[in-house]
>>> print(open('model-v9.txt').read())   # compact mmCIF, C-alpha atoms
# COMPACT_ATOMS: atom_id res chain seq x y z
CA MET A 246 -209.38 38.80 47.57
CA LEU A 247 -205.80 39.84 47.85
CA LYS A 248 -203.20 39.54 45.11
CA LYS A 249 -201.74 36.59 47.02
CA ASP A 250 -205.09 34.79 46.79
CA LEU A 251 -205.27 35.53 43.06
CA LEU A 252 -201.80 34.10 42.60
CA GLU A 253 -202.78 31.07 44.64
CA LEU A 254 -205.90 30.61 42.54
CA CYS A 255 -203.92 30.77 39.31
CA LEU A 256 -201.25 28.43 40.67
CA LEU A 257 -203.78 25.81 41.75
CA GLN A 258 -205.67 26.20 38.46
CA LEU A 259 -202.41 25.62 36.62
CA LEU A 260 -201.77 22.41 38.54
CA ALA A 261 -205.38 21.32 38.00
CA GLY A 262 -204.47 21.16 34.30
CA GLY A 263 -201.80 18.53 35.00
CA ASP A 264 -198.64 17.88 37.00
CA LYS A 265 -195.90 20.43 36.36
CA TYR A 266 -192.29 21.00 37.39
CA GLY A 267 -191.19 24.16 39.17
CA TYR A 268 -190.08 26.21 36.18
CA GLU A 269 -193.32 25.33 34.32
CA VAL A 270 -195.31 26.69 37.23
CA LEU A 271 -193.27 29.81 37.86
CA THR A 272 -192.79 31.08 34.31
CA PRO A 273 -196.44 31.56 33.24
CA LEU A 274 -197.34 33.02 36.62
CA ARG A 275 -194.52 35.53 36.40
CA ALA A 276 -195.64 36.39 32.88
CA ALA A 277 -199.19 37.00 34.17
CA PHE A 278 -198.01 38.95 37.24
CA PRO A 279 -194.85 40.70 36.01
CA ASP A 280 -194.33 42.70 39.19
CA THR A 281 -194.12 39.49 41.23
CA GLN A 282 -190.76 37.76 41.48
CA GLU A 283 -190.44 34.02 41.06
CA SER A 284 -189.10 33.66 44.59
CA ALA A 285 -192.46 34.91 45.92
CA ILE A 286 -194.33 32.43 43.71
CA TYR A 287 -192.00 29.65 44.82
CA ALA A 288 -192.64 30.59 48.47
CA LEU A 289 -196.36 30.33 47.78
CA LEU A 290 -195.91 26.93 46.11
CA ARG A 291 -193.89 25.74 49.08
CA GLY A 292 -196.53 27.05 51.49
CA LEU A 293 -199.22 25.14 49.60
CA GLY A 294 -197.10 22.01 49.89
CA LYS A 295 -196.79 22.50 53.65
CA ALA A 296 -200.55 23.02 53.89
CA GLY A 297 -201.10 19.70 52.11
CA CYS A 298 -202.61 21.29 48.98
CA THR A 299 -199.87 19.97 46.71
CA SER A 300 -197.53 17.01 46.75
CA TRP A 301 -194.48 16.25 44.62
CA TYR A 302 -192.58 13.41 43.03
CA MET A 303 -189.35 13.11 41.07
CA ALA A 304 -189.53 12.15 37.41
CA PRO A 305 -187.06 12.23 34.51
CA GLY A 306 -186.68 15.65 32.90
CA GLY A 307 -186.27 16.21 29.16
CA GLY A 308 -182.92 14.48 28.79
CA GLY A 309 -181.48 16.22 31.84
CA PRO A 310 -181.52 15.31 35.53
CA ASP A 311 -184.71 14.28 37.32
CA ARG A 312 -187.18 17.06 37.99
CA LYS A 313 -189.49 17.70 40.88
CA TYR A 314 -193.09 17.56 39.65
CA TYR A 315 -195.88 19.14 41.65
CA LYS A 316 -199.42 17.76 41.71
CA LEU A 317 -202.68 18.82 43.22
CA THR A 318 -203.99 16.85 46.21
CA PRO A 319 -207.70 16.50 47.15
CA ALA A 320 -207.14 19.25 49.75
CA GLY A 321 -205.69 21.41 46.98
CA GLN A 322 -208.70 20.70 44.78
CA ALA A 323 -211.00 21.80 47.62
CA ARG A 324 -208.93 24.96 48.14
CA LEU A 325 -209.15 25.66 44.40
CA GLU A 326 -212.97 25.40 44.51
CA GLU A 327 -213.06 27.74 47.50
CA LEU A 328 -210.88 30.32 45.74
CA ARG A 329 -212.93 30.00 42.53
CA ASP A 330 -216.10 30.79 44.50
CA GLN A 331 -214.44 33.80 46.09
CA TRP A 332 -213.26 34.97 42.69
CA ARG A 333 -216.77 34.68 41.18
CA VAL A 334 -218.29 36.69 44.04
CA MET A 335 -215.64 39.34 43.66
CA ARG A 336 -215.96 39.46 39.88
CA ASP A 337 -219.76 39.90 40.14
CA ALA A 338 -219.37 42.58 42.81
CA ILE A 339 -216.97 44.53 40.64
CA ALA A 340 -219.18 44.04 37.57
CA SER A 341 -222.14 45.50 39.51
CA PHE A 342 -220.22 48.81 39.50
CA GLY A 343 -220.04 48.69 35.75
CA VAL A 344 -216.44 47.62 35.62
CA GLU A 345 -215.94 45.40 32.57
CA MET B 1364 -185.05 52.22 41.73
CA LYS B 1365 -181.88 50.43 42.83
CA GLN B 1366 -180.36 48.33 40.03
CA ALA B 1367 -180.03 44.65 40.95
CA LYS B 1368 -176.41 43.48 40.94
CA PRO B 1369 -175.99 40.73 38.31
CA LEU B 1370 -174.89 37.34 39.64
CA THR B 1371 -173.84 34.16 37.89
CA LYS B 1372 -175.98 31.07 38.50
CA GLU B 1373 -173.32 29.62 40.80
CA GLN B 1374 -172.99 32.88 42.76
CA TYR B 1375 -176.74 33.13 43.14
CA LEU B 1376 -177.08 29.57 44.42
CA LYS B 1377 -174.16 30.05 46.82
CA LYS B 1378 -175.63 33.24 48.30
CA PHE B 1379 -179.09 31.73 48.49
CA SER B 1380 -177.76 28.54 50.14
CA ARG B 1381 -175.90 30.53 52.77
CA ALA B 1382 -178.94 32.68 53.57
CA VAL B 1383 -181.43 29.84 53.65
CA ARG B 1384 -179.23 27.56 55.78
CA TRP B 1385 -179.00 30.28 58.41
CA ARG B 1386 -182.76 30.85 58.46
CA LEU B 1387 -184.35 27.43 57.98
CA PRO B 1388 -183.93 24.05 59.71
CA PRO B 1389 -181.34 21.85 57.90
CA GLN B 1390 -183.78 19.51 56.13
CA GLU B 1391 -186.00 22.35 54.91
CA SER B 1392 -183.04 24.38 53.73
CA GLU B 1393 -181.63 21.43 51.76
CA ASP B 1394 -185.03 20.97 50.07
CA ALA B 1395 -185.20 24.66 49.15
CA ILE B 1396 -181.62 24.65 47.83
CA SER B 1397 -182.37 21.60 45.71
CA ASP B 1398 -185.51 23.28 44.29
CA TYR B 1399 -183.62 26.49 43.54
CA ARG B 1400 -180.81 24.54 41.89
CA GLU B 1401 -183.40 23.06 39.54
CA LEU B 1402 -184.99 26.47 38.88
CA ILE B 1403 -181.69 28.30 38.35
CA PHE B 1404 -180.02 25.77 36.10
CA GLN B 1405 -182.92 25.49 33.66
CA GLU B 1406 -181.58 25.73 30.12
CA GLU B 1407 -184.07 28.48 29.30
CA ARG B 1408 -182.92 30.60 32.25
CA ASP B 1409 -181.15 33.82 31.22
CA GLU B 1410 -178.30 34.39 33.67
CA ALA B 1411 -178.35 38.16 33.09
CA LYS B 1412 -181.95 38.32 34.34
CA LEU B 1413 -181.51 35.94 37.26
CA VAL B 1414 -181.80 38.50 40.06
CA GLU B 1415 -184.54 40.40 38.24
CA GLU B 1416 -186.67 37.25 37.85
CA LEU B 1417 -185.97 35.47 41.13
CA GLY B 1418 -185.23 38.45 43.36
CA GLU B 1419 -182.17 39.00 45.57
CA PRO B 1420 -180.96 35.71 47.13
CA VAL B 1421 -181.33 36.98 50.69
CA GLN B 1422 -184.81 38.27 49.93
CA ALA B 1423 -185.70 34.89 48.38
CA ALA B 1424 -184.52 33.16 51.56
CA HIS B 1425 -186.44 35.65 53.67
CA LEU B 1426 -189.67 34.75 51.86
CA LEU B 1427 -189.23 31.13 52.97
CA THR B 1428 -188.48 32.05 56.57
CA ASP B 1429 -190.80 31.38 59.46
CA VAL B 1430 -190.22 34.83 60.97
CA LYS B 1431 -191.30 33.90 64.50
CA THR B 1432 -188.95 30.91 64.75
CA TYR B 1433 -186.14 32.83 63.08
CA ARG B 1434 -186.41 35.77 65.52
CA ARG B 1435 -186.42 33.34 68.43
CA TRP B 1436 -183.24 31.77 67.03
CA LEU B 1437 -181.59 35.20 66.67
CA LYS B 1438 -182.31 35.96 70.32
CA ILE B 1439 -180.86 32.62 71.46
CA PHE B 1440 -177.84 33.13 69.21
CA ALA B 1441 -177.28 36.63 70.61
CA VAL B 1442 -177.26 35.33 74.20
CA LEU B 1443 -174.88 32.47 73.37
CA ALA B 1444 -172.59 34.70 71.28
CA VAL B 1445 -172.33 37.30 74.05
CA GLY B 1446 -171.35 34.48 76.44
CA LEU B 1447 -168.61 33.40 74.03
CA PHE B 1448 -167.39 36.97 73.67
CA LEU B 1449 -167.10 37.24 77.47
CA LEU B 1450 -165.20 33.95 77.70
CA ALA B 1451 -162.75 35.12 75.02
CA LYS B 1452 -162.36 38.51 76.70
CA TRP B 1453 -161.76 36.98 80.12
CA ALA B 1454 -159.21 34.53 78.76
CA TRP B 1455 -157.40 37.33 76.96
CA MET B 1456 -157.45 39.99 79.65
CA ALA B 1457 -157.81 37.87 82.82
CA ARG B 1458 -160.23 40.39 84.27
CA SER B 1459 -163.88 41.27 84.14
CA SER B 1460 -165.26 44.77 83.68
CA VAL B 1461 -168.29 43.79 85.74
CA TYR B 1462 -168.03 43.02 89.45
CA LEU B 1463 -170.82 41.35 91.33
CA SER B 1464 -170.60 41.54 95.09
CA PHE B 1465 -172.37 38.25 95.74
CA ALA B 1466 -170.02 35.96 93.82
CA GLU B 1467 -166.30 35.42 93.35
CA GLU B 1468 -165.02 36.45 89.93
CA TRP B 1469 -163.76 32.96 89.06
CA TRP B 1470 -167.30 31.66 88.91
CA TYR B 1471 -168.23 34.06 86.06
CA PRO B 1472 -166.98 31.74 83.26
CA VAL B 1473 -168.86 28.84 84.86
CA TRP B 1474 -172.05 30.92 84.81
CA VAL B 1475 -171.63 31.43 81.07
CA MET B 1476 -171.36 27.67 80.74
CA ALA B 1477 -174.33 27.13 83.07
CA VAL B 1478 -176.50 29.35 80.85
CA GLY B 1479 -175.08 28.26 77.48
CA LEU B 1480 -175.33 24.50 77.91
CA PRO B 1481 -179.00 24.09 78.87
CA LEU B 1482 -180.16 26.91 76.59
CA SER B 1483 -178.38 25.58 73.50
CA LEU B 1484 -179.29 21.96 74.21
CA TYR B 1485 -182.94 22.87 74.72
CA TRP B 1486 -183.15 24.92 71.53
CA PHE B 1487 -181.30 22.52 69.26
CA ARG B 1488 -182.96 19.38 70.54
CA ARG B 1489 -186.35 21.06 70.05
CA TYR B 1490 -185.86 22.96 66.79
CA GLY B 1491 -182.58 21.64 65.35
CA GLN B 1492 -182.29 18.70 62.98
CA LYS B 1493 -179.86 15.90 62.34
CA ASN B 1494 -178.71 15.81 58.76
CA GLY B 1495 -177.15 12.61 57.45
CA PRO B 1496 -174.52 10.48 59.18
CA LEU B 1497 -172.28 11.87 61.90
CA SER B 1498 -169.64 14.10 60.32
CA LYS B 1499 -166.04 12.85 60.51
CA ARG B 1500 -164.92 16.48 60.60
CA LEU B 1501 -166.96 16.96 63.74
CA LEU B 1502 -165.33 13.97 65.41
CA VAL B 1503 -161.85 15.15 64.42
CA SER B 1504 -162.61 18.69 65.66
CA LEU B 1505 -163.87 17.31 68.97
CA ALA B 1506 -160.80 15.11 69.36
CA VAL B 1507 -158.43 18.03 68.64
CA LEU B 1508 -160.27 20.35 71.01
CA LEU B 1509 -160.40 17.73 73.73
CA ALA B 1510 -156.70 16.93 73.33
CA ALA B 1511 -155.79 20.64 73.42
CA GLY B 1512 -157.96 21.23 76.49
CA VAL B 1513 -156.61 18.22 78.38
CA GLY B 1514 -153.04 19.11 77.32
CA ILE B 1515 -153.21 22.65 78.64
CA LEU B 1516 -154.85 21.51 81.88
CA LEU B 1517 -152.22 18.83 82.43
CA TRP B 1518 -149.49 21.34 81.70
CA PHE B 1519 -151.02 23.59 84.35
CA GLU B 1520 -151.17 20.69 86.80
CA ARG B 1521 -147.50 19.93 86.20
CA LEU B 1522 -146.52 23.55 86.72
CA THR B 1523 -148.61 23.94 89.85
CA GLY B 1524 -147.32 20.66 91.21
CA ILE B 1525 -143.72 21.83 91.17
CA VAL B 1526 -144.31 25.31 92.53
CA LEU B 1527 -143.89 25.58 96.25
CA TRP B 1528 -144.42 29.24 96.74
CA GLU B 1529 -142.50 29.54 99.97
CA GLN B 1530 -139.30 27.97 98.60
CA LEU B 1531 -138.76 28.57 94.93
CA PRO B 1532 -136.11 26.28 93.45
CA ASP B 1533 -132.84 27.43 91.98
CA GLY B 1534 -134.30 27.28 88.54
CA ALA B 1535 -136.83 29.97 89.45
CA GLN B 1536 -136.20 31.91 86.27
CA GLN B 1537 -136.85 28.83 84.16
CA LEU B 1538 -140.03 28.13 86.10
CA SER B 1539 -141.14 31.73 85.74
CA ASP B 1540 -140.60 31.46 81.98
CA GLN B 1541 -142.71 28.29 81.92
CA VAL B 1542 -145.51 29.96 83.87
CA HIS B 1543 -145.39 32.93 81.52
CA LEU B 1544 -145.53 30.57 78.56
CA TRP B 1545 -148.51 28.75 80.05
CA LEU B 1546 -150.33 32.04 80.64
CA THR B 1547 -149.73 33.04 77.02
CA ALA B 1548 -150.96 29.64 75.85
CA GLU B 1549 -154.03 29.98 78.07
CA MET B 1550 -154.85 33.38 76.56
CA TYR B 1551 -154.74 32.07 73.02
CA ALA B 1552 -156.42 28.76 73.89
CA GLY B 1553 -159.32 30.56 75.59
CA VAL B 1554 -159.94 32.77 72.57
CA ILE B 1555 -159.54 29.88 70.12
CA CYS B 1556 -161.97 27.73 72.15
CA ALA B 1557 -164.55 30.55 72.12
CA LEU B 1558 -164.15 30.97 68.36
CA THR B 1559 -164.38 27.21 67.84
CA ALA B 1560 -167.54 27.15 69.93
CA LEU B 1561 -168.99 29.95 67.77
CA ALA B 1562 -168.18 27.94 64.63
CA GLY B 1563 -169.87 24.90 66.21
CA LEU B 1564 -172.96 26.96 66.91
CA VAL B 1565 -173.20 28.24 63.34
CA LEU B 1566 -172.59 24.78 61.87
CA ALA B 1567 -175.21 23.28 64.19
CA LYS B 1568 -177.74 25.77 62.86
CA CYS B 1569 -176.76 25.49 59.21
CA TYR B 1570 -175.91 21.81 58.72
CA ASP B 1571 -176.54 19.40 61.56
CA ARG B 1572 -177.53 19.99 65.17
CA ARG B 1573 -174.86 17.52 66.36
CA TRP B 1574 -172.25 20.23 65.66
CA LEU B 1575 -173.55 21.69 68.91
CA ALA B 1576 -171.15 19.22 70.60
CA LEU B 1577 -168.30 21.43 69.36
CA TYR B 1578 -169.92 24.49 70.92
CA ILE B 1579 -170.41 22.72 74.24
CA LEU B 1580 -166.89 21.34 74.40
CA GLY B 1581 -165.44 24.73 73.36
CA VAL B 1582 -167.45 26.53 76.04
CA THR B 1583 -166.42 23.96 78.64
CA VAL B 1584 -162.69 24.26 77.92
CA ALA B 1585 -162.89 28.07 77.72
CA ALA B 1586 -164.85 28.21 81.00
CA MET B 1587 -162.31 25.94 82.73
CA LEU B 1588 -159.44 28.09 81.51
CA GLY B 1589 -161.25 31.24 82.63
CA PHE B 1590 -161.89 29.65 85.99
CA ILE B 1591 -158.18 28.88 86.40
CA ILE B 1592 -156.96 32.28 85.23
CA PHE B 1593 -159.27 34.14 87.61
CA HIS B 1594 -158.17 31.81 90.41
CA LEU B 1595 -154.53 32.59 89.70
CA LYS B 1596 -155.28 36.28 89.79
CA TYR B 1597 -156.74 36.02 93.27
CA MET B 1598 -154.59 33.16 94.56
CA ASN B 1599 -153.66 33.04 98.15
CA LEU B 1600 -149.86 32.95 98.35
CA ASP B 1601 -150.04 31.22 101.70
CA TYR B 1602 -151.17 28.12 99.85
CA SER B 1603 -148.66 25.69 98.47
CA GLY B 1604 -148.92 24.69 94.85
CA ALA B 1605 -150.24 21.29 95.91
CA GLU B 1606 -152.97 22.81 98.06
CA MET B 1607 -154.04 25.18 95.33
CA LEU B 1608 -154.03 22.36 92.80
CA SER B 1609 -156.12 20.17 95.05
CA GLU B 1610 -158.71 22.93 95.56
CA LEU B 1611 -158.84 23.74 91.87
CA THR B 1612 -159.09 20.11 90.83
CA ALA B 1613 -162.00 19.52 93.16
CA ARG B 1614 -163.86 22.31 91.37
CA LEU B 1615 -162.66 21.66 87.84
CA ILE B 1616 -163.57 17.97 87.71
CA PRO B 1617 -167.36 18.47 88.02
CA ILE B 1618 -167.22 21.36 85.52
CA GLY B 1619 -165.35 19.19 83.02
CA ALA B 1620 -167.63 16.22 83.66
CA LEU B 1621 -170.70 18.37 83.07
CA GLY B 1622 -169.22 19.64 79.80
CA LEU B 1623 -168.42 16.13 78.60
CA LEU B 1624 -171.91 14.99 79.52
CA GLY B 1625 -173.39 17.91 77.55
CA THR B 1626 -171.13 17.06 74.60
CA GLY B 1627 -172.41 13.49 74.67
CA VAL B 1628 -176.03 14.61 74.81
CA ALA B 1629 -175.47 16.96 71.85
CA LEU B 1630 -174.07 14.07 69.81
CA CYS B 1631 -177.11 11.84 70.44
>>> encode(input="model-v9.txt", output="structure tokens")
Amino acid sequence: MLKKDLLELCLLQLLAGGDKYGYEVLTPLRAAFPDTQESAIYALLRGLGKAGCTSWYMAPGGGGPDRKYYKLTPAGQARLEELRDQWRVMRDAIASFGVE
Amino acid sequence: MKQAKPLTKEQYLKKFSRAVRWRLPPQESEDAISDYRELIFQEERDEAKLVEELGEPVQAAHLLTDVKTYRRWLKIFAVLAVGLFLLAKWAWMARSSVYLSFAEEWWYPVWVMAVGLPLSLYWFRRYGQKNGPLSKRLLVSLAVLLAAGVGILLWFERLTGIVLWEQLPDGAQQLSDQVHLWLTAEMYAGVICALTALAGLVLAKCYDRRWLALYILGVTVAAMLGFIIFHLKYMNLDYSGAEMLSELTARLIPIGALGLLGTGVALC
């Protein structure tokens, strides 16, 4: 699993917890991966949208202008399951070397 | 490590918009700009850390770029831009640095047009996008360019019509001044048409593919002027003005008609 896949896993997991607007997606991911810029995470989010893993809709923001909310699609849910499986395999493989 | 240059939110969005419009198709770039506007103008966003958090605007645009399509566009743009440079150079200097034995020099500008029109139409109709209603600025620009092109061609026709090379009238000096004035106007008009065509090309990529009409009309007028100026350079003085005009007209009409047809296709 590459770092990109880990980011993708975390991003999809985040959206699995509920629909979120762009800043809500980017901020926690940047906090978790501090050496990754938000533009890279946004590019990933956009790529997932193009691949049909996420969709979006406009909804009122907190008193401000409408915001673009992202949601997981069934294809995104399937991709999330796939990445989770890959992560478990990798985690077990690493653990077999005694890495905690 | 190189320190990121701080930018205000407005500066960041402006730089990002410029970069993304050049790289992405119009609809995609507008979507990305709208998303970035939302991300940048979040209340919680610290302007001092904008570049640090989001990355350099050009780099951000690069991350959204389909590299293969973008490189293909750069190649097409390079070919078309070189053609425009040649048209401007020929209009300004009335000579070519390259001589091909199998063709008369006056056909060179028409070759640029013959390559530029199909190539640009193919690329923009395949990969370009319309974006909103037809721009009034585009229509005004086309009208101005068309009027300027027709005006300078009619002026040339009037001049050529009164020149009978074997018996110059008494007002030869006045006529000579007029010819000199026309040649100066042709030089500037050729360069301006090439620059206008370049602007049309950039606007077609960044905003709406129908701006390609400006490129096509600009190339057409510049090619026609180049065609005339090279003809004048090699003119046969045994011809009367009327004979030369008739020969030129017979060649210029299909070139102009082709350009207008291309302009129409670009607008559709």
>>> closest_residue(input="model-v9.txt", among="B:Asp1398, B:Glu1610, B:Glu1391, B:Glu1410", to="Lys1372 (chain B)", atoms="all atoms listed in the file")
B:Glu1410
>>> interface_residues(input="model-v9.txt", of="chain B", to="chain A", cutoff="7 Å", atoms="all atoms listed in the file", output="mmCIF file with C-alpha atoms, keeping the file's coordinate frame")
data_model
loop_
_atom_site.group_PDB
_atom_site.id
_atom_site.type_symbol
_atom_site.label_atom_id
_atom_site.label_comp_id
_atom_site.auth_asym_id
_atom_site.auth_seq_id
_atom_site.Cartn_x
_atom_site.Cartn_y
_atom_site.Cartn_z
ATOM 1 C CA LEU B 1402 -184.990 26.470 38.880
ATOM 2 C CA GLU B 1416 -186.670 37.250 37.850
ATOM 3 C CA LEU B 1417 -185.970 35.470 41.130
ATOM 4 C CA GLY B 1418 -185.230 38.450 43.360
ATOM 5 C CA ALA B 1423 -185.700 34.890 48.380
ATOM 6 C CA LEU B 1426 -189.670 34.750 51.860
ATOM 7 C CA LEU B 1427 -189.230 31.130 52.970
#
>>> axis_aligned_box(input="model-v9.txt", around="region 308-319 of chain A", padding_each_side="8 Å", output="AutoDock Vina command-line options")
--center_x -194.6 --center_y 16.7 --center_z 38.0 --size_x 42.2 --size_y 20.9 --size_z 34.4
>>> atom_distance(input="model-v9.txt", atom1="CA of Ile1592 (chain B)", atom2="CA of Leu1608 (chain B)")
12.8 Å
>>> residues_around(input="model-v9.txt", residues="Leu328 (chain A)", least_positions_apart="5", cutoff="9 Å", atoms="all atoms listed in the file", output="PyMOL selection string")
chain A and resi 246+250-251+253-254+323+333
>>> atom_distance(input="model-v9.txt", atom1="CA of Gly1553 (chain B)", atom2="CA of Leu1450 (chain B)")
7.1 Å
>>> closest_residue(input="model-v9.txt", among="A:Val270, A:Gly262, A:Gln331, A:Leu317", to="Leu247 (chain A)", atoms="all atoms listed in the file")
A:Gln331
